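I have placed the structure first, in the form of structure tokens, so that the comments after it can refer back to it.
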Amino acid sequence: MTDTLISADAEQARQTEADKKQQYNFNKLAKRLRHNVGDAINHFNMIEEGDRVMVCLSGGKDSYTMLDILLSLQKSAPINFSIVAVNLDQKQPGFPEHVLPEYLSKIGVEYRIVEEDTYSIVTRVIEPGKTTCSLCSRLRRGILYRVADELGATKIALGHHRDDILATLFLNMFYGGKLKGMPPKLVSDDGKHMVIRPLAYCKEKDIEKYAIAKEFPIIPCNLCGSQPNLQRQVVGDMLRDWDKRFPGRLETMFSATCNVVPSHLNDPKIYDFVGAKADGTPREDGDKAFDKEEFKDPSRISIFATKPLDSGCGGDE
Ligand code: SF4
């Protein structure tokens, strides 16, 4: 009897210890994500006094996390801004319409559900078996711009994270012949809207863990039945493989996107090679004959290391 009591007590103590550790790890994760989002907002001046931020919510882990972190930062931010969550119900078969309204009502955030049957348009226009994402995204973006106007939103927040940004960079390089990523802040092509990506500094792995811990009611993203984009898959697999085999490489690559040296690329549109003159002035971006070929151990480089807030992506030397 005494032995049973002792072992029950020991089990209870073990459980309490495990709960404490789990809570500690979650707090660390939440703090890191809040810092990442706060830094990105500061570095790119994403949100300003009086902004009305339209948070686009798909029902996936990324957009839930973005909304959650923005709501949390809103409470302690030194500026006032409002948030309105928007979901576009594209009428994909099996879309669980009740999930987002229930969740958003529960957390008490202002929201709008927009119903537009883009699914029928896309399936009518695109041949069966072909990837439908590019038309679908274009239609969705147009609708979101219209809704932003209706809601008086001054910023449109999208849930792309660091790994999405890197994947886009490599997709454009490998298949588009362009050095072009997906910036944390950009004016829309019609010049009327400001698109922001508050998760730009967040790792997908962190977001995944956070979404699991917070038990967000995730809506599966394959309801439309679209064929996966093979090129995107190839790039995603490559990045995941690098991340496993070379810890720190993704951080270093992301950091590289924040430290661009136009004079060391080959585009006369962004650097005046034609008009370049050797005028005797020493220059940091000039040719050094030999670039140094030894670099820091990438696993020890952090893009969020020690740079002051106004230094863009923060970073490593
Ligand atoms: S996966 Fe489906 S819903 Fe998402 S962008 Fe592609 S076609 Fe649209």
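In the structure tokens, each chain is lettered A, B, ... as it comes, each chain's residues begin at 1, and ligands are numbered from 1 in order of appearance.
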Excluding region 132-145 of chain A and its own-chain neighbours fewer than 6 positions away, which residues fall within 9 Å of it when counting only C-alpha atoms? Please give them as a PDB file with C-alpha atoms, in the first residue's frame.
```pdb
ATOM      1  CA  CYS A  56      -5.847  37.269 -44.357  1.00  0.00           C
ATOM      2  CA  VAL A  86     -10.720  38.143 -43.391  1.00  0.00           C
ATOM      3  CA  LEU A  88     -12.162  34.081 -48.418  1.00  0.00           C
ATOM      4  CA  GLN A  90     -13.646  30.004 -52.331  1.00  0.00           C
ATOM      5  CA  VAL A 114     -16.162  36.670 -48.006  1.00  0.00           C
ATOM      6  CA  GLU A 116     -16.708  33.985 -53.832  1.00  0.00           C
ATOM      7  CA  THR A 118     -13.418  31.064 -57.541  1.00  0.00           C
ATOM      8  CA  TYR A 119     -13.279  27.259 -57.410  1.00  0.00           C
ATOM      9  CA  ILE A 121     -13.962  29.557 -62.363  1.00  0.00           C
ATOM     10  CA  VAL A 122     -10.621  27.849 -61.902  1.00  0.00           C
ATOM     11  CA  THR A 123     -11.906  24.354 -62.639  1.00  0.00           C
ATOM     12  CA  VAL A 125     -10.725  27.545 -67.145  1.00  0.00           C
ATOM     13  CA  ILE A 126      -7.769  25.266 -66.298  1.00  0.00           C
ATOM     14  CA  ILE A 156      -3.009  43.682 -45.965  1.00  0.00           C
ATOM     15  CA  SER A 188       0.512  46.096 -54.755  1.00  0.00           C
ATOM     16  CA  LYS A 192      -3.189  51.146 -54.108  1.00  0.00           C
ATOM     17  CA  HIS A 193      -2.486  48.678 -51.323  1.00  0.00           C
ATOM     18  CA  SER A 226      -5.185  20.971 -57.288  1.00  0.00           C
ATOM     19  CA  GLN A 227      -2.138  19.108 -58.585  1.00  0.00           C
ATOM     20  CA  PRO A 228       0.854  20.067 -56.502  1.00  0.00           C
ATOM     21  CA  ASN A 229       3.313  22.379 -58.223  1.00  0.00           C
TER      22      ASN A 229
END
```
Secondary structure check, helix (DSSP H, G or I) residues of region 33-187 of chain A, as a PyMOL selection string: chain A and resi 33-43+61-76+99-107+118-125+133-151+162-176
Output C-alpha atoms for every residue in that selection, as a CSV table (one decimal), in the first residue's frame.
```csv
chain,number,residue,atom,x,y,z
A,33,LEU,CA,7.9,34.2,-32.6
A,34,ARG,CA,6.8,37.5,-31.0
A,35,HIS,CA,10.3,38.8,-31.3
A,36,ASN,CA,10.6,37.7,-34.9
A,37,VAL,CA,7.3,39.3,-35.8
A,38,GLY,CA,8.1,42.5,-33.8
A,39,ASP,CA,11.5,42.8,-35.4
A,40,ALA,CA,10.1,42.4,-38.9
A,41,ILE,CA,7.5,45.0,-38.2
A,42,ASN,CA,10.1,47.4,-36.9
A,43,HIS,CA,12.7,46.8,-39.6
A,61,LYS,CA,-1.1,27.1,-39.5
A,62,ASP,CA,0.6,30.2,-40.9
A,63,SER,CA,-2.3,32.5,-40.9
A,64,TYR,CA,-3.6,31.4,-37.5
A,65,THR,CA,-0.2,32.0,-36.0
A,66,MET,CA,0.1,35.4,-37.7
A,67,LEU,CA,-3.3,36.5,-36.3
A,68,ASP,CA,-2.5,35.1,-32.9
A,69,ILE,CA,0.9,36.9,-32.6
A,70,LEU,CA,-0.4,40.2,-34.0
A,71,LEU,CA,-3.3,40.2,-31.5
A,72,SER,CA,-0.8,39.5,-28.7
A,73,LEU,CA,1.6,42.3,-29.9
A,74,GLN,CA,-1.3,44.7,-30.3
A,75,LYS,CA,-1.8,44.6,-26.6
A,76,SER,CA,1.7,45.8,-25.8
A,99,VAL,CA,-14.7,26.5,-38.4
A,100,LEU,CA,-13.4,30.0,-38.9
A,101,PRO,CA,-16.5,32.0,-37.8
A,102,GLU,CA,-16.6,29.8,-34.6
A,103,TYR,CA,-12.9,30.4,-33.9
A,104,LEU,CA,-13.0,34.1,-34.6
A,105,SER,CA,-16.1,34.7,-32.5
A,106,LYS,CA,-14.6,32.8,-29.7
A,107,ILE,CA,-11.4,34.9,-29.6
A,118,THR,CA,-13.4,31.1,-57.5
A,119,TYR,CA,-13.3,27.3,-57.4
A,120,SER,CA,-15.8,27.0,-60.3
A,121,ILE,CA,-14.0,29.6,-62.4
A,122,VAL,CA,-10.6,27.8,-61.9
A,123,THR,CA,-11.9,24.4,-62.6
A,124,ARG,CA,-13.7,25.7,-65.7
A,125,VAL,CA,-10.7,27.5,-67.1
A,133,CYS,CA,-2.8,27.7,-58.1
A,134,SER,CA,-1.6,30.6,-60.2
A,135,LEU,CA,-5.0,31.6,-61.5
A,136,CYS,CA,-6.6,30.8,-58.1
A,137,SER,CA,-4.1,33.1,-56.3
A,138,ARG,CA,-4.6,35.9,-58.8
A,139,LEU,CA,-8.3,35.8,-58.4
A,140,ARG,CA,-8.0,35.6,-54.6
A,141,ARG,CA,-5.6,38.5,-54.5
A,142,GLY,CA,-8.0,40.7,-56.6
A,143,ILE,CA,-10.9,39.9,-54.2
A,144,LEU,CA,-8.8,40.6,-51.2
A,145,TYR,CA,-7.8,44.1,-52.6
A,146,ARG,CA,-11.5,44.9,-53.1
A,147,VAL,CA,-12.4,43.7,-49.6
A,148,ALA,CA,-9.5,45.8,-48.2
A,149,ASP,CA,-11.1,48.9,-49.8
A,150,GLU,CA,-14.5,48.0,-48.4
A,151,LEU,CA,-13.1,47.5,-44.9
A,162,ARG,CA,10.9,32.8,-44.0
A,163,ASP,CA,10.9,29.4,-45.7
A,164,ASP,CA,8.2,30.6,-48.2
A,165,ILE,CA,10.5,33.5,-49.0
A,166,LEU,CA,13.5,31.3,-49.6
A,167,ALA,CA,11.5,28.9,-51.6
A,168,THR,CA,10.2,31.7,-53.8
A,169,LEU,CA,13.8,33.0,-54.3
A,170,PHE,CA,15.0,29.6,-55.5
A,171,LEU,CA,12.0,29.0,-57.7
A,172,ASN,CA,12.6,32.3,-59.4
A,173,MET,CA,16.3,31.6,-59.8
A,174,PHE,CA,16.0,28.0,-61.0
A,175,TYR,CA,12.9,28.3,-63.2
A,176,GLY,CA,12.5,32.0,-63.9
```
Identify, with DSSP run on backbone atoms, the residues in region 2-229 of chain A assigned to strand (DSSP E or B), and express the list as a ChimeraX atom specification. /A:52-56,82-89,111-115,155-157,185-187,194-196
How about saving the chosen residues, N, CA and C atoms kept, as a PDB file, in the first residue's frame?
```pdb
ATOM      1  N   ARG A  52      -5.214  50.137 -39.991  1.00  0.00           N
ATOM      2  CA  ARG A  52      -6.227  49.079 -39.870  1.00  0.00           C
ATOM      3  C   ARG A  52      -5.666  47.900 -40.663  1.00  0.00           C
ATOM      4  N   VAL A  53      -5.291  46.849 -39.957  1.00  0.00           N
ATOM      5  CA  VAL A  53      -4.584  45.732 -40.598  1.00  0.00           C
ATOM      6  C   VAL A  53      -5.571  44.616 -40.921  1.00  0.00           C
ATOM      7  N   MET A  54      -5.656  44.318 -42.194  1.00  0.00           N
ATOM      8  CA  MET A  54      -6.531  43.219 -42.625  1.00  0.00           C
ATOM      9  C   MET A  54      -5.694  41.937 -42.644  1.00  0.00           C
ATOM     10  N   VAL A  55      -5.990  41.034 -41.732  1.00  0.00           N
ATOM     11  CA  VAL A  55      -5.207  39.807 -41.617  1.00  0.00           C
ATOM     12  C   VAL A  55      -5.903  38.702 -42.426  1.00  0.00           C
ATOM     13  N   CYS A  56      -5.228  38.272 -43.469  1.00  0.00           N
ATOM     14  CA  CYS A  56      -5.847  37.269 -44.357  1.00  0.00           C
ATOM     15  C   CYS A  56      -5.680  35.885 -43.738  1.00  0.00           C
ATOM     16  N   SER A  82      -5.681  48.698 -35.477  1.00  0.00           N
ATOM     17  CA  SER A  82      -6.780  47.737 -35.332  1.00  0.00           C
ATOM     18  C   SER A  82      -6.562  46.562 -36.288  1.00  0.00           C
ATOM     19  N   ILE A  83      -7.254  45.491 -35.969  1.00  0.00           N
ATOM     20  CA  ILE A  83      -7.101  44.251 -36.747  1.00  0.00           C
ATOM     21  C   ILE A  83      -8.472  43.772 -37.191  1.00  0.00           C
ATOM     22  N   VAL A  84      -8.569  43.413 -38.465  1.00  0.00           N
ATOM     23  CA  VAL A  84      -9.785  42.744 -38.923  1.00  0.00           C
ATOM     24  C   VAL A  84      -9.346  41.496 -39.696  1.00  0.00           C
ATOM     25  N   ALA A  85      -9.879  40.350 -39.273  1.00  0.00           N
ATOM     26  CA  ALA A  85      -9.499  39.098 -39.930  1.00  0.00           C
ATOM     27  C   ALA A  85     -10.450  38.855 -41.104  1.00  0.00           C
ATOM     28  N   VAL A  86      -9.893  38.396 -42.212  1.00  0.00           N
ATOM     29  CA  VAL A  86     -10.720  38.143 -43.391  1.00  0.00           C
ATOM     30  C   VAL A  86     -10.429  36.751 -43.931  1.00  0.00           C
ATOM     31  N   ASN A  87     -11.485  35.999 -44.139  1.00  0.00           N
ATOM     32  CA  ASN A  87     -11.321  34.704 -44.803  1.00  0.00           C
ATOM     33  C   ASN A  87     -12.107  34.726 -46.096  1.00  0.00           C
ATOM     34  N   LEU A  88     -11.472  34.200 -47.136  1.00  0.00           N
ATOM     35  CA  LEU A  88     -12.162  34.081 -48.418  1.00  0.00           C
ATOM     36  C   LEU A  88     -12.603  32.625 -48.587  1.00  0.00           C
ATOM     37  N   ASP A  89     -13.907  32.428 -48.550  1.00  0.00           N
ATOM     38  CA  ASP A  89     -14.462  31.081 -48.784  1.00  0.00           C
ATOM     39  C   ASP A  89     -14.608  30.921 -50.290  1.00  0.00           C
ATOM     40  N   TYR A 111     -14.195  40.304 -37.714  1.00  0.00           N
ATOM     41  CA  TYR A 111     -13.865  39.514 -38.906  1.00  0.00           C
ATOM     42  C   TYR A 111     -14.920  39.642 -39.988  1.00  0.00           C
ATOM     43  N   ARG A 112     -14.499  39.250 -41.173  1.00  0.00           N
ATOM     44  CA  ARG A 112     -15.423  39.208 -42.310  1.00  0.00           C
ATOM     45  C   ARG A 112     -15.136  37.918 -43.091  1.00  0.00           C
ATOM     46  N   ILE A 113     -16.182  37.154 -43.387  1.00  0.00           N
ATOM     47  CA  ILE A 113     -16.027  35.995 -44.268  1.00  0.00           C
ATOM     48  C   ILE A 113     -16.566  36.413 -45.638  1.00  0.00           C
ATOM     49  N   VAL A 114     -15.755  36.265 -46.659  1.00  0.00           N
ATOM     50  CA  VAL A 114     -16.162  36.670 -48.006  1.00  0.00           C
ATOM     51  C   VAL A 114     -16.400  35.413 -48.830  1.00  0.00           C
ATOM     52  N   GLU A 115     -17.568  35.306 -49.422  1.00  0.00           N
ATOM     53  CA  GLU A 115     -17.864  34.104 -50.212  1.00  0.00           C
ATOM     54  C   GLU A 115     -17.773  34.436 -51.702  1.00  0.00           C
ATOM     55  N   LYS A 155      -3.432  48.184 -44.375  1.00  0.00           N
ATOM     56  CA  LYS A 155      -2.386  47.185 -44.614  1.00  0.00           C
ATOM     57  C   LYS A 155      -3.060  45.825 -44.834  1.00  0.00           C
ATOM     58  N   ILE A 156      -2.494  45.042 -45.737  1.00  0.00           N
ATOM     59  CA  ILE A 156      -3.009  43.682 -45.965  1.00  0.00           C
ATOM     60  C   ILE A 156      -1.922  42.716 -45.508  1.00  0.00           C
ATOM     61  N   ALA A 157      -2.194  41.948 -44.456  1.00  0.00           N
ATOM     62  CA  ALA A 157      -1.161  41.067 -43.898  1.00  0.00           C
ATOM     63  C   ALA A 157      -1.331  39.642 -44.422  1.00  0.00           C
ATOM     64  N   LYS A 185       7.469  43.589 -47.237  1.00  0.00           N
ATOM     65  CA  LYS A 185       6.521  44.705 -47.410  1.00  0.00           C
ATOM     66  C   LYS A 185       6.615  45.172 -48.857  1.00  0.00           C
ATOM     67  N   LEU A 186       5.469  45.336 -49.494  1.00  0.00           N
ATOM     68  CA  LEU A 186       5.499  45.754 -50.894  1.00  0.00           C
ATOM     69  C   LEU A 186       4.162  46.378 -51.279  1.00  0.00           C
ATOM     70  N   VAL A 187       4.239  47.406 -52.098  1.00  0.00           N
ATOM     71  CA  VAL A 187       3.015  48.021 -52.621  1.00  0.00           C
ATOM     72  C   VAL A 187       2.458  47.110 -53.709  1.00  0.00           C
ATOM     73  N   MET A 194      -0.956  48.293 -49.511  1.00  0.00           N
ATOM     74  CA  MET A 194       0.335  47.919 -48.937  1.00  0.00           C
ATOM     75  C   MET A 194       0.223  46.500 -48.380  1.00  0.00           C
ATOM     76  N   VAL A 195       1.004  45.615 -48.961  1.00  0.00           N
ATOM     77  CA  VAL A 195       0.990  44.219 -48.522  1.00  0.00           C
ATOM     78  C   VAL A 195       2.145  44.010 -47.551  1.00  0.00           C
ATOM     79  N   ILE A 196       1.870  43.390 -46.407  1.00  0.00           N
ATOM     80  CA  ILE A 196       2.946  43.122 -45.439  1.00  0.00           C
ATOM     81  C   ILE A 196       2.982  41.629 -45.096  1.00  0.00           C
TER      82      ILE A 196
END
```
Report as a list in words all protein, DNA and RNA residues lying within 10 Å of Ser263 (chain A), evaluated on only C-alpha atoms, omitting residues in the same chain fewer than 5 positions from it.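 Near Ser263 (chain A), the qualifying residues are Pro268, Ile270, Tyr271, Asp272, Phe273, Asp285, Gly286 and Asp287 of chain A.
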For CA of Ser58 (chain A) and CA of Thr154 (chain A), determine how far apart the two atoms are, in Å to one decimal place. 19.7 Å
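Interatomic distance, CA of Gln92 (chain A) to CA of Gly60 (chain A): 14.8 Å.
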Between A:Lys269, A:Pro220, A:Thr281, A:Lys203, which one has atoms that come closest to Gly248 (chain A), using only C-alpha atoms?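 Ranked by minimum distance to Gly248 (chain A), first place goes to A:Lys203.
Minimum distance to ligand 1 across A:Val235, A:Cys224, A:Met182, A:Ala30 (counting only C-alpha atoms and all ligand atoms) occurs at A:Cys224.
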Neighbours of region 20-28 of chain A within 12 Å (only C-alpha atoms; same-chain residues fewer than 5 positions away dropped), as a list of chain:residue names? A:Ala13, A:Arg14, A:Gln15, A:Leu33, A:Arg34, A:His35, A:Asp206, A:Ile207, A:Lys209, A:Tyr210, A:Ala211, A:Ile212, A:Ala213, A:Lys214
Write out as a PyMOL selection string each polymer residue whose atoms come within 9 Å of Asn80 (chain A), counting only C-alpha atoms; drop sequence neighbours fewer than 6 positions from it. chain A and resi 48-51+74
Using only C-alpha atoms and all ligand atoms, which residue out of A:Ala153, A:Ile219, A:Ala200, A:Cys258 lies closest to ligand 1?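 That would be A:Ile219, the residue with the smallest distance to ligand 1.
Compared by their closest atoms to ligand 1, and using only C-alpha atoms and all ligand atoms, the residues A:Asp189, A:Asp279, A:Glu251, A:Asp117 rank with A:Asp117 nearest.
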